[in-house]
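**Q** File model03.cif below, mmCIF, C-alpha atoms:
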```
data_data
#
loop_
_atom_site.label_atom_id
_atom_site.label_comp_id
_atom_site.auth_asym_id
_atom_site.auth_seq_id
_atom_site.Cartn_x
_atom_site.Cartn_y
_atom_site.Cartn_z
CA MET E 1 -90.03 -9.46 -153.07
CA SER E 2 -87.93 -6.33 -153.55
CA LYS E 3 -86.69 -6.53 -149.93
CA LEU E 4 -85.72 -10.18 -150.41
CA LEU E 5 -83.89 -9.28 -153.61
CA LYS E 6 -81.99 -6.44 -151.94
CA TYR E 7 -81.02 -8.79 -149.11
CA GLU E 8 -79.73 -11.41 -151.56
CA LEU E 9 -77.77 -8.77 -153.47
CA ARG E 10 -76.11 -7.61 -150.25
CA LYS E 11 -75.04 -11.16 -149.41
CA THR E 12 -73.09 -11.45 -152.67
CA SER E 13 -71.78 -7.87 -152.80
CA PHE E 14 -68.35 -8.80 -151.44
CA VAL E 15 -67.66 -11.08 -154.41
CA LYS E 16 -68.55 -8.31 -156.86
CA VAL E 17 -66.35 -5.75 -155.08
CA PHE E 18 -63.48 -8.27 -155.01
CA PHE E 19 -63.57 -8.79 -158.78
CA LEU E 20 -64.11 -5.08 -159.38
CA LEU E 21 -60.82 -4.36 -157.61
CA PHE E 22 -58.97 -6.93 -159.73
CA THR E 23 -60.58 -5.52 -162.87
CA GLY E 24 -59.41 -2.04 -161.93
CA LEU E 25 -55.87 -3.34 -161.42
CA PHE E 26 -55.69 -5.04 -164.83
CA GLU E 27 -57.36 -2.07 -166.50
CA ILE E 28 -54.59 0.18 -165.18
CA VAL E 29 -52.05 -2.24 -166.69
CA TYR E 30 -53.94 -2.08 -170.00
CA LEU E 31 -53.95 1.74 -169.99
CA LEU E 32 -50.21 1.75 -169.30
CA SER E 33 -49.75 -0.56 -172.27
CA LEU E 34 -51.96 1.75 -174.34
CA ILE E 35 -49.88 4.80 -173.40
CA ASP E 36 -46.78 2.83 -174.44
CA ASN E 37 -48.50 2.17 -177.82
CA PHE E 38 -48.48 -1.58 -177.05
CA ARG E 39 -44.71 -1.79 -177.50
CA SER E 40 -44.35 -3.85 -174.32
CA GLU E 41 -45.82 -7.24 -175.21
CA PRO E 42 -45.66 -8.67 -171.63
CA LEU E 43 -47.58 -5.65 -170.33
CA PHE E 44 -50.27 -6.02 -173.00
CA LEU E 45 -50.58 -9.79 -172.53
CA THR E 46 -50.83 -9.38 -168.74
CA ALA E 47 -53.68 -6.91 -169.15
CA GLY E 48 -55.49 -8.93 -171.81
CA VAL E 49 -55.25 -12.28 -170.03
CA GLY E 50 -55.97 -10.69 -166.65
CA LEU E 51 -59.14 -8.92 -167.82
CA SER E 52 -60.37 -12.01 -169.69
CA MET E 53 -59.81 -14.36 -166.75
CA THR E 54 -61.34 -11.87 -164.31
CA ALA E 55 -64.50 -11.68 -166.43
CA ILE E 56 -64.76 -15.49 -166.66
CA PHE E 57 -64.13 -16.09 -162.97
CA ALA E 58 -66.49 -13.29 -161.95
CA CYS E 59 -69.35 -15.15 -163.67
CA LEU E 60 -68.28 -18.51 -162.22
CA ILE E 61 -67.73 -17.33 -158.65
CA CYS E 62 -70.95 -15.28 -158.53
CA GLY E 63 -72.85 -18.44 -159.38
CA LEU E 64 -70.87 -20.69 -157.03
CA ARG E 65 -71.27 -18.21 -154.17
CA SER E 66 -75.03 -18.21 -154.65
CA ILE E 67 -75.10 -22.03 -154.67
CA ASP E 68 -72.97 -22.17 -151.52
CA LEU E 69 -75.26 -19.74 -149.70
CA LEU E 70 -78.36 -21.82 -150.44
CA TYR E 71 -76.60 -25.02 -149.37
CA ARG E 72 -75.56 -23.47 -146.05
CA GLU E 73 -78.98 -21.99 -145.41
CA LEU E 74 -80.81 -25.28 -145.98
CA ASN E 75 -78.35 -27.56 -144.18
CA SER E 76 -77.52 -25.60 -141.04
CA LYS E 77 -79.27 -25.88 -137.68
CA GLN E 78 -80.73 -22.44 -138.31
CA SER E 79 -82.33 -23.46 -141.62
CA TYR E 80 -85.79 -22.93 -140.13
CA MET E 81 -85.06 -19.19 -139.99
CA LEU E 82 -85.17 -19.06 -143.79
CA PHE E 83 -88.90 -19.76 -143.65
CA MET E 84 -89.73 -17.43 -140.75
CA THR E 85 -90.20 -14.49 -143.11
CA PRO E 86 -93.80 -13.92 -144.23
CA ARG E 87 -92.91 -15.00 -147.76
CA SER E 88 -93.71 -18.12 -149.75
CA SER E 89 -91.00 -20.51 -150.88
CA TYR E 90 -91.62 -19.34 -154.44
CA GLN E 91 -90.68 -15.81 -153.40
CA ILE E 92 -87.68 -16.90 -151.31
CA LEU E 93 -86.16 -19.06 -154.05
CA GLY E 94 -87.32 -16.60 -156.70
CA ALA E 95 -85.30 -13.83 -155.04
CA LYS E 96 -82.20 -16.05 -155.12
CA VAL E 97 -82.74 -16.97 -158.77
CA LEU E 98 -83.45 -13.34 -159.72
CA GLU E 99 -80.40 -12.13 -157.80
CA ASN E 100 -78.16 -14.55 -159.62
CA GLY E 101 -79.67 -13.68 -162.98
CA LEU E 102 -79.23 -9.95 -162.34
CA SER E 103 -75.67 -10.47 -161.08
CA LEU E 104 -74.70 -12.42 -164.19
CA LEU E 105 -76.38 -9.80 -166.39
CA MET E 106 -74.53 -6.97 -164.61
CA VAL E 107 -71.22 -8.79 -165.01
CA TRP E 108 -71.94 -9.42 -168.71
CA VAL E 109 -72.92 -5.79 -169.41
CA PHE E 110 -70.00 -4.40 -167.39
CA TYR E 111 -67.32 -6.44 -169.14
CA MET E 112 -68.87 -6.02 -172.58
CA VAL E 113 -68.93 -2.24 -172.17
CA LEU E 114 -65.39 -2.26 -170.75
CA GLY E 115 -64.17 -4.46 -173.60
CA ALA E 116 -65.81 -2.18 -176.19
CA LEU E 117 -64.23 0.88 -174.55
CA ASP E 118 -60.77 -0.74 -174.49
CA LEU E 119 -61.10 -1.78 -178.14
CA PHE E 120 -62.20 1.75 -179.08
CA LEU E 121 -59.16 3.23 -177.31
CA ALA E 122 -56.86 0.73 -179.02
CA LEU E 123 -58.24 1.52 -182.50
CA VAL E 124 -57.94 5.26 -181.88
CA ARG E 125 -54.39 4.85 -180.55
CA LYS E 126 -53.42 2.90 -183.68
CA GLY E 127 -55.00 5.55 -185.91
CA VAL E 128 -57.61 3.18 -187.36
CA ARG E 129 -60.70 4.84 -188.80
CA PHE E 130 -63.36 4.19 -186.19
CA ASP E 131 -66.98 3.29 -186.74
CA ILE E 132 -69.32 0.70 -185.26
CA GLU E 133 -68.97 -1.63 -188.24
CA THR E 134 -65.17 -1.64 -187.99
CA MET E 135 -65.28 -2.41 -184.28
CA MET E 136 -67.87 -5.21 -184.62
CA GLN E 137 -65.80 -6.88 -187.36
CA PHE E 138 -62.54 -6.68 -185.39
CA ARG E 139 -61.20 -10.21 -185.02
CA PHE E 140 -59.68 -11.96 -182.01
CA GLY E 141 -58.16 -15.12 -183.47
CA PHE E 142 -60.97 -17.20 -185.01
CA ALA E 143 -63.90 -14.96 -184.01
CA ASP E 144 -64.95 -11.36 -184.48
CA VAL E 145 -66.48 -9.19 -181.78
CA THR E 146 -70.05 -9.98 -182.83
CA MET E 147 -69.50 -13.74 -182.70
CA MET E 148 -67.75 -13.51 -179.33
CA ALA E 149 -70.64 -11.48 -177.88
CA LYS E 150 -73.14 -14.11 -179.08
CA MET E 151 -71.05 -16.97 -177.68
CA MET E 152 -70.66 -15.25 -174.33
CA THR E 153 -74.42 -14.64 -174.13
CA ILE E 154 -75.25 -18.29 -174.88
CA TYR E 155 -72.70 -19.60 -172.37
CA LEU E 156 -73.91 -17.18 -169.70
CA ILE E 157 -77.53 -18.27 -170.11
CA ALA E 158 -76.43 -21.92 -169.98
CA TRP E 159 -74.46 -21.22 -166.78
CA PHE E 160 -77.54 -19.57 -165.26
CA SER E 161 -79.52 -22.72 -166.02
CA VAL E 162 -76.80 -24.88 -164.44
CA ILE E 163 -77.01 -22.75 -161.27
CA THR E 164 -80.77 -23.28 -161.03
CA ALA E 165 -80.16 -27.02 -161.53
CA ALA E 166 -77.76 -26.88 -158.57
CA TYR E 167 -80.46 -25.12 -156.52
CA LEU E 168 -82.86 -27.97 -157.29
CA ALA E 169 -80.25 -30.59 -156.37
CA ILE E 170 -79.60 -28.89 -153.01
CA ILE E 171 -83.32 -28.66 -152.25
CA VAL E 172 -83.86 -32.35 -153.12
CA GLN E 173 -80.92 -33.28 -150.91
CA ALA E 174 -82.20 -31.12 -148.04
CA THR E 175 -85.61 -32.75 -148.38
CA LEU E 176 -84.12 -36.25 -148.15
CA LEU E 177 -81.24 -35.80 -145.69
CA ASN E 178 -81.71 -32.40 -144.01
CA GLY E 179 -78.02 -31.77 -143.34
CA ARG E 180 -77.01 -35.31 -142.32
CA LYS E 181 -73.53 -36.70 -142.91
CA GLY E 182 -72.77 -37.15 -146.58
CA SER E 183 -75.34 -34.59 -147.72
CA MET E 184 -72.73 -32.68 -149.73
CA LEU E 185 -71.88 -35.80 -151.74
CA ILE E 186 -75.56 -36.56 -152.29
CA SER E 187 -76.11 -33.00 -153.53
CA LEU E 188 -73.28 -33.43 -156.01
CA LEU E 189 -74.64 -36.76 -157.27
CA ILE E 190 -78.16 -35.35 -157.68
CA PHE E 191 -76.73 -32.31 -159.47
CA MET E 192 -74.70 -34.48 -161.84
CA GLY E 193 -77.82 -36.52 -162.60
CA ILE E 194 -79.90 -33.41 -163.37
CA LEU E 195 -77.07 -31.92 -165.43
CA SER E 196 -76.57 -35.13 -167.41
CA LEU E 197 -80.28 -35.18 -168.26
CA PHE E 198 -80.18 -31.49 -169.16
CA ILE E 199 -77.18 -31.92 -171.50
CA GLY E 200 -78.47 -35.20 -172.94
CA ILE E 201 -81.82 -33.71 -173.97
CA SER E 202 -80.02 -30.66 -175.32
CA ASN E 203 -77.69 -32.70 -177.51
CA CYS E 204 -80.46 -34.95 -178.86
CA LEU E 205 -83.41 -32.56 -179.16
CA ILE E 206 -81.83 -29.21 -180.03
CA ARG E 207 -79.49 -30.61 -182.68
CA GLN E 208 -82.43 -32.25 -184.45
CA LEU E 209 -84.88 -29.36 -184.22
CA ALA E 210 -82.65 -26.31 -184.63
CA PRO E 211 -82.29 -25.03 -188.22
CA SER E 212 -78.81 -24.38 -189.52
CA GLY E 213 -77.40 -21.21 -188.01
CA LEU E 214 -79.97 -21.02 -185.19
CA PHE E 215 -78.51 -23.63 -182.85
CA GLY E 216 -77.27 -20.98 -180.43
CA LEU E 217 -80.68 -19.29 -180.22
CA PHE E 218 -82.45 -22.61 -179.63
CA GLN E 219 -79.87 -23.54 -177.00
CA ALA E 220 -80.39 -20.25 -175.16
CA VAL E 221 -84.20 -20.62 -175.20
CA TYR E 222 -83.92 -24.24 -174.05
CA SER E 223 -81.62 -23.20 -171.19
CA LEU E 224 -84.05 -20.52 -170.03
CA ILE E 225 -86.99 -22.95 -170.14
CA CYS E 226 -85.00 -25.47 -168.08
CA ALA E 227 -84.07 -22.75 -165.58
CA VAL E 228 -87.75 -21.91 -165.09
CA LEU E 229 -88.64 -25.60 -164.66
CA PHE E 230 -85.82 -26.13 -162.16
CA TYR E 231 -87.00 -23.07 -160.21
CA LEU E 232 -90.63 -24.21 -160.14
CA ALA E 233 -89.69 -27.74 -159.07
CA GLY E 234 -87.38 -26.43 -156.35
CA SER E 235 -89.94 -23.95 -155.06
CA TYR E 236 -92.64 -26.64 -154.93
CA LEU E 237 -90.40 -28.95 -152.88
CA MET E 238 -89.44 -26.12 -150.52
CA GLU E 239 -93.08 -25.18 -150.05
CA LYS E 240 -94.33 -28.73 -149.46
CA LYS E 241 -91.41 -30.36 -147.64
CA LEU E 242 -89.14 -27.76 -146.02
CA SER E 243 -91.29 -24.82 -145.00
CA VAL E 244 -93.74 -26.86 -142.92
#
```
Taking this structure as input, can you express it in the form of structure tokens?
**A**
Amino acid sequence: MSKLLKYELRKTSFVKVFFLLFTGLFEIVYLLSLIDNFRSEPLFLTAGVGLSMTAIFACLICGLRSIDLLYRELNSKQSYMLFMTPRSSYQILGAKVLENGLSLLMVWVFYMVLGALDLFLALVRKGVRFDIETMMQFRFGFADVTMMAKMMTIYLIAWFSVITAAYLAIIVQATLLNGRKGSMLISLLIFMGILSLFIGISNCLIRQLAPSGLFGLFQAVYSLICAVLFYLAGSYLMEKKLSV
């Protein structure tokens, strides 16, 4: 399993390096703005927007890249090679799911730590008395740092669940069509069906069951449960229909 995981991580390493370079570029712009004591508004806005968008797109593209890899592997003429390794379909798909989960977690931790460091430098530069409480209560528009961290965590878990739903849609499509013409469209339609069911149950069930103030926690747990179910269903189909 560890070898499969390392292999999957290598396949998506280019995307991570790409966004790391862009992050470094915008971080340099931010530090220049910091040295200038934030007097240049265009410089500060460029850094802030650039770092925010890089973080968002890093999460999106890491997931989309993983989805694209699975689609190509299952719909190419060499798809049989995926099952030539002495591993079960549960391990093969599990490595892909685990890789994506770890990648999203690494992106989340990296940008949260970078954001905290940048905020710390800004507070020190402005001469604000620094402590953890002050930093956690610092507000960006309508939300403070604590609320933003919670929102980002919930959205990231939901995105992870959406990725596993896409895995299941691709596996169902490969089982039915096996790379024939129109398979991409069928994958999209199956994915939209799974996603609609996922969101529909979430809106009906979670809103009724979740106590006031705990909706986000219930949503995160529900997303993780769905991700596990999507993984198990996809692995079962791969084992019974594709690996034979």
**Q** Can you turn the PyMOL selection byres ((chain E and resi 106-109) around 8) into a concrete residue list for this file, as a PDB file with C-alpha atoms, in the coordinates of the input?
**A**
```
ATOM      1  CA  ALA E  55     -64.500 -11.680-166.430  1.00  0.00           C
ATOM      2  CA  ALA E  58     -66.490 -13.290-161.950  1.00  0.00           C
ATOM      3  CA  CYS E  59     -69.350 -15.150-163.670  1.00  0.00           C
ATOM      4  CA  LEU E 102     -79.230  -9.950-162.340  1.00  0.00           C
ATOM      5  CA  SER E 103     -75.670 -10.470-161.080  1.00  0.00           C
ATOM      6  CA  LEU E 104     -74.700 -12.420-164.190  1.00  0.00           C
ATOM      7  CA  LEU E 105     -76.380  -9.800-166.390  1.00  0.00           C
ATOM      8  CA  PHE E 110     -70.000  -4.400-167.390  1.00  0.00           C
ATOM      9  CA  TYR E 111     -67.320  -6.440-169.140  1.00  0.00           C
ATOM     10  CA  MET E 112     -68.870  -6.020-172.580  1.00  0.00           C
ATOM     11  CA  VAL E 113     -68.930  -2.240-172.170  1.00  0.00           C
ATOM     12  CA  THR E 153     -74.420 -14.640-174.130  1.00  0.00           C
TER      13      THR E 153
END
```
**Q** What does the distance from atom CA of Pro211 of chain E to atom CA of Ala158 of chain E come to in Å, to one decimal?
**A**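 Separation between atom CA of Pro211 of chain E and atom CA of Ala158 of chain E: 19.4 Å.
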**Q** If you measure from atom CA of Leu5 of chain E to atom CA of Ala95 of chain E, what distance in Å do you get, rounded to one decimal?
**A** 5.0 Å
**Q** With only C-alpha atoms as the basis for distance, which of E:Leu217, E:Ala47, E:Cys226, E:Ala174 is at the shortest distance from Leu197 of chain E?
**A**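 Using only C-alpha atoms, Leu197 of chain E sits closest to E:Cys226.
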**Q** Let me make sure I understand: among E:Cys62, E:Ile194, E:Val162, E:Met152, which one has the smallest atom-to-atom distance to Val17 of chain E if we use all atoms listed in the file?
**A**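 Once distances to Val17 of chain E are computed over all atoms listed in the file, the minimum belongs to E:Cys62.
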**Q** Using only C-alpha atoms, determine which residues lie at most 9 Å from Met238 of chain E, disregarding the query and same-chain residues fewer than 2 positions distant; provide the list as a list in words.
**A**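 My list of contacting residues is Ser89, Tyr90, Leu93, Ile171, Val172, Thr175, Ala233, Gly234, Ser235, Tyr236, Lys240, Lys241, Leu242, Ser243 and Val244 of chain E.
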**Q** Please determine, counting only C-alpha atoms, which residue among E:Leu32, E:Leu168, E:Ile56, E:Ile157 has the shortest atom-to-atom distance to Ile225 of chain E.
**A**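 Answer, going by the shortest atom-to-atom distance: E:Ile157.
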**Q** If the PyMOL selection byres ((chain E and resi 165) around 9) were run on this exact file, what residues would it hold? Put them as a list in words.
**A**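 Applied to this file, the PyMOL selection byres ((chain E and resi 165) around 9) selects Phe160, Ser161, Val162, Ile163, Thr164, Ala166, Tyr167, Leu168, Ala169, Ile170, Phe191, Ile194, Leu195, Phe198, Cys226, Ala227, Phe230, Tyr231 and Gly234 of chain E.
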**Q** Using only C-alpha atoms, can you tell me which of E:Ile206, E:Ile154, E:Leu119, E:Leu4 comes closest to Tyr30 of chain E?
**A**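 Once distances to Tyr30 of chain E are computed over only C-alpha atoms, the minimum belongs to E:Leu119.
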**Q** Atom CA of Gly48 of chain E and atom CA of Ile28 of chain E are how many Å apart?
**A**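 Value for the atom CA of Gly48 of chain E-atom CA of Ile28 of chain E distance: 11.3 Å.
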**Q** Just want the 12 Å neighbourhood of Gly216 of chain E, counted on all atoms listed in the file, with same-chain residues fewer than 3 positions away dropped. Output as a list in words.
**A**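 Residues near the query, excluding close chain neighbours: Met147, Ala149, Lys150, Met151, Met152, Thr153, Ile154, Tyr155, Leu156, Ile157, Ala158, Ser202, Ile206, Arg207, Leu209, Ala210, Pro211, Ser212, Gly213, Gln219, Ala220, Val221, Tyr222 and Ser223 of chain E.
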**Q** Take the point (-70.4, -12.0, -152.3) as written in the file and pick out every residue within 10 Å of it, counting all atoms listed in the file; give the list as a list in words.
**A**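 Using all atoms listed in the file, the matching residues come out as Glu8, Leu9, Arg10, Lys11, Thr12, Ser13, Phe14, Val15, Lys16, Val17, Phe18, Phe19, Ile61, Cys62, Gly63, Leu64, Arg65, Ser66 and Leu69 of chain E.
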**Q** Show me, as a PDB file with C-alpha atoms, in the coordinates of the input, the residues that have an atom within 9 Å of Phe22 of chain E when counting only C-alpha atoms, minus same-chain residues fewer than 4 positions from it.
**A**
```pdb
ATOM      1  CA  VAL E  17     -66.350  -5.750-155.080  1.00  0.00           C
ATOM      2  CA  PHE E  18     -63.480  -8.270-155.010  1.00  0.00           C
ATOM      3  CA  PHE E  26     -55.690  -5.040-164.830  1.00  0.00           C
ATOM      4  CA  GLU E  27     -57.360  -2.070-166.500  1.00  0.00           C
ATOM      5  CA  GLY E  50     -55.970 -10.690-166.650  1.00  0.00           C
ATOM      6  CA  LEU E  51     -59.140  -8.920-167.820  1.00  0.00           C
ATOM      7  CA  THR E  54     -61.340 -11.870-164.310  1.00  0.00           C
TER       8      THR E  54
END
```
**Q** Of the candidates E:Lys6, E:Glu73, E:Leu237, E:Asp118, which shows the shortest atom-to-atom distance to Val29 of chain E, using all atoms listed in the file?
**A**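 For Val29 of chain E, the nearest of the given residues is E:Asp118.
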**Q** Which one of E:Leu117, E:Leu31, E:Leu176, E:Leu60 sits closest to Asn100 of chain E if you count all atoms listed in the file?
**A** E:Leu60
**Q** Going by the chain IDs and residue numbers used in this file, which residues fall under the PyMOL selection byres ((chain E and resi 38) around 12)? Write them as a list in words.
**A**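 With the PyMOL selection byres ((chain E and resi 38) around 12) on this model, the match is Val29, Tyr30, Leu31, Leu32, Ser33, Leu34, Ile35, Asp36, Asn37, Arg39, Ser40, Glu41, Pro42, Leu43, Phe44, Leu45, Thr46, Ala47, Gly48, Leu121, Ala122, Leu123, Arg125 and Lys126 of chain E.
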